[in-house]
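Peer 1: Sharing a structure below in structure tokens format, with a few things to ask.
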Amino acid sequence: MQYFTNIKRSMMSVLEGMAVTFSWLFRRPYTVQWPDKIPEPLEKTLPATYRGLLEVDTRICTACLACEKACPIEVIAIEVDRNSETKERHIVRFDVDAAKCMYCGLCVEQCPTDAIHHTTLFAATTPDIGDLVLTFIKPGERALPFKPKDAPPAAIERGAITQALLDSRRGVE
Amino acid sequence: MIKQELKNIDELRILREPVEGEMLVNMGPQHPSTHGVLNFLLVTDGEVMHRAVPHIGYLHRGIEKLAEQTEYAGFMPFTDRIDYLAAMAANQAYAMAVEKLAGYVVPERAEFLRVIACELNRIASHLVATGSMAMDIGAVTPFIHWIREREYINEITEELCGSRLTYNYCRIGGVSHDLPATLAGKILLWLDHFEPIIDEFDRLITHNEIFVHRLADVCAISAQNATGYGLVGPNLRASGVDWDLRRDKPYSVYDRFDFNIVLGKGFRGAVGDSYDRFVVRVLEMRESCKILRQALVALPAGEIRSKVPRVIKPPVGETYAAVEAPRGELGYYVVSDGVSSKPYRVKIRTGSFTAMSIIESLSKGVMIADLVAIIGSLDVVAPEVDR
Ligand code: SF4
Ligand code: SF4
């Protein structure tokens, strides 16, 4: 007898489960078909707090090295060249190894001018892992450190610098 | 009987030799139902297991040692990696330990935000635990439903702290981001949507007769055994032991909320069986929803971070701080030598590690297929075992 009640109850619960599954046929699906079947690129719809690839606006970097010190795994490499005669300082190197970075955001928090910040970019596949070292100051170039008293330069769209860097690596025009 | 203390490679070689009637089977490390990279050596007689020896170390990353080489504040992102399903609790416990050691106070709003984030994370973690347990048993649909719900939580945390899995949300002395009012509304909206979904989930799988019969009375753990093996969290409570750090050793602001501690009562079989462990997790999600609602209403205004020096150098001393993570007590024992800005020693105590130790004694005389139920119901997460 117990045997048959068990079978009956199993059948009933299977039907119940089927009913639940069936009801989802008429609800809105949650999945989206990334990347091509969405109205806007994901980079535009991600929240502003999203911790994506790092970007450095070297025009407002004060060369304080706070970000370099804050990074627990030495992702950021900054070199400042100090002319012993004119006492002028120049940033000659600002590398962020995007392949090593763990996107924790500790460096961003320490930056006094928001020069280093996260973007909503996340797709950075390249055939060569070395391409992921983002060189915000190209070899041979140098940048003057920003003085907080100066007027800040015109804002650029977030992610534009990193995107341009990635594109140049991939050979995209 | 096979003597099995794997001290050196020769013994492993001896184990490989078949002994009358027994067979040595490797389960994992790449097995779909061993959550993460776990390896079990099964000594079986046909389908019946004589013992299952868990082998740990496949995911050892030396996080405790890394702590000695990073500064106090810089260690926070590493704590995310201890338990990838419940990073928030690991964050909070570490922050609490250092705050205790250095004597920093945390603003009230930050404490509330930590509770909100942790409870969201607890729901997300239990979603994966119950969903993947059902999937290990063979029911794939509930897992898909739960992953969909977890996706909402991921989106909330993404907006809250910028990340979906490795939150790195707590800071020593506070939290990293404030909770905007719109997001608080979003969480409430989601709760309204989620609570009926739990009922639906119950209809889908929790009360499914086949599922119940599969799990009821499988590998019951007595209360005595559970405390003896040092089980914590939902595994301990499923055995009927009334112990929850949130209530019994209130940390943060948990003492201000009204919630029940869910205990295993032998819902369909013996107390502490696999089904109890499953149901306790489902019921705990409801309790977390309750806490979330209260916390969102009571959320005070104010600072989210207290003034903490950039380089933290706690005075000489040692401390232990623990939180009730989704997988039970997760605690940090931090030693400071007083001069350096790096911890002298960090020891991490996690729930999955003790849960692994009980598997060997539980597995005597059960079917191989039941081992999957044991691992699933104990909610063992591999990186938390190894660290
Ligand atoms: S996000 Fe974290 S890991 Fe990456 S550069 Fe900044 S501090 Fe270093
Ligand atoms: S990016 Fe910011 S923190 Fe880093 S050196 Fe420049 S100003 Fe300082």
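Naming scheme: A, B, ... for chains in displayed order of the structure tokens; residues 1 onward per chain; ligands 1 onward as shown.
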Within 10 Å of Ala123 of chain A, counting only C-alpha atoms, which residues show up once you throw out same-chain ones fewer than 6 positions away? Write them as number ranges by chain, please.
Peer 2: A: 43, 52-53, 163, 166
Peer 1: Set the cut-off to 10 Å and count only C-alpha atoms: what are the residues of chain B that reach chain A? Output as number ranges by chain.
Peer 2: B: 69-78, 80, 141-142, 145, 148-149, 151-152, 155-164, 166-169, 171, 176-177, 200-213, 310-311
Peer 1: Could you give me the residues within 10 Å of ligand 2, counting only C-alpha atoms and all ligand atoms, as a PyMOL selection string?
Peer 2: chain A and resi 55-70+76-80+91+94+107-117+145-148
Peer 1: Within 9 Å of segment 85-109 of chain B, which residues of segment 189-270 of chain B come that close, and what is the closest atom pair and distance in Å for each? Count only C-alpha atoms and give it as a Markdown table.
Peer 2:
```
| residue | atom | partner | partner_atom | distance |
| --- | --- | --- | --- | --- |
| B:Tyr251 | CA | B:Met96 | CA | 9.0 |
| B:Ser252 | CA | B:Met96 | CA | 8.7 |
| B:Val253 | CA | B:Glu108 | CA | 8.2 |
```
Peer 1: Those residues with N, CA, C and O atoms, as a compact mmCIF listing (two decimals), in the first residue's frame please?
Peer 2:
```
# COMPACT_ATOMS: atom_id res chain seq x y z
N TYR B 251 28.16 40.31 16.92
CA TYR B 251 29.15 41.23 16.40
C TYR B 251 28.41 42.22 15.52
O TYR B 251 27.23 42.04 15.23
N SER B 252 29.13 43.25 15.08
CA SER B 252 28.50 44.26 14.24
C SER B 252 27.20 44.73 14.90
O SER B 252 27.18 44.98 16.10
N VAL B 253 26.11 44.80 14.16
CA VAL B 253 24.87 45.30 14.76
C VAL B 253 23.79 44.21 14.76
O VAL B 253 22.61 44.51 14.77
```
Peer 1: As an exercise, work out the distance from atom CA of Glu195 of chain B to atom CA of Cys289 of chain B in Å and give it to one decimal place.
Peer 2: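 Computing it gives 7.7 Å between the two atoms.
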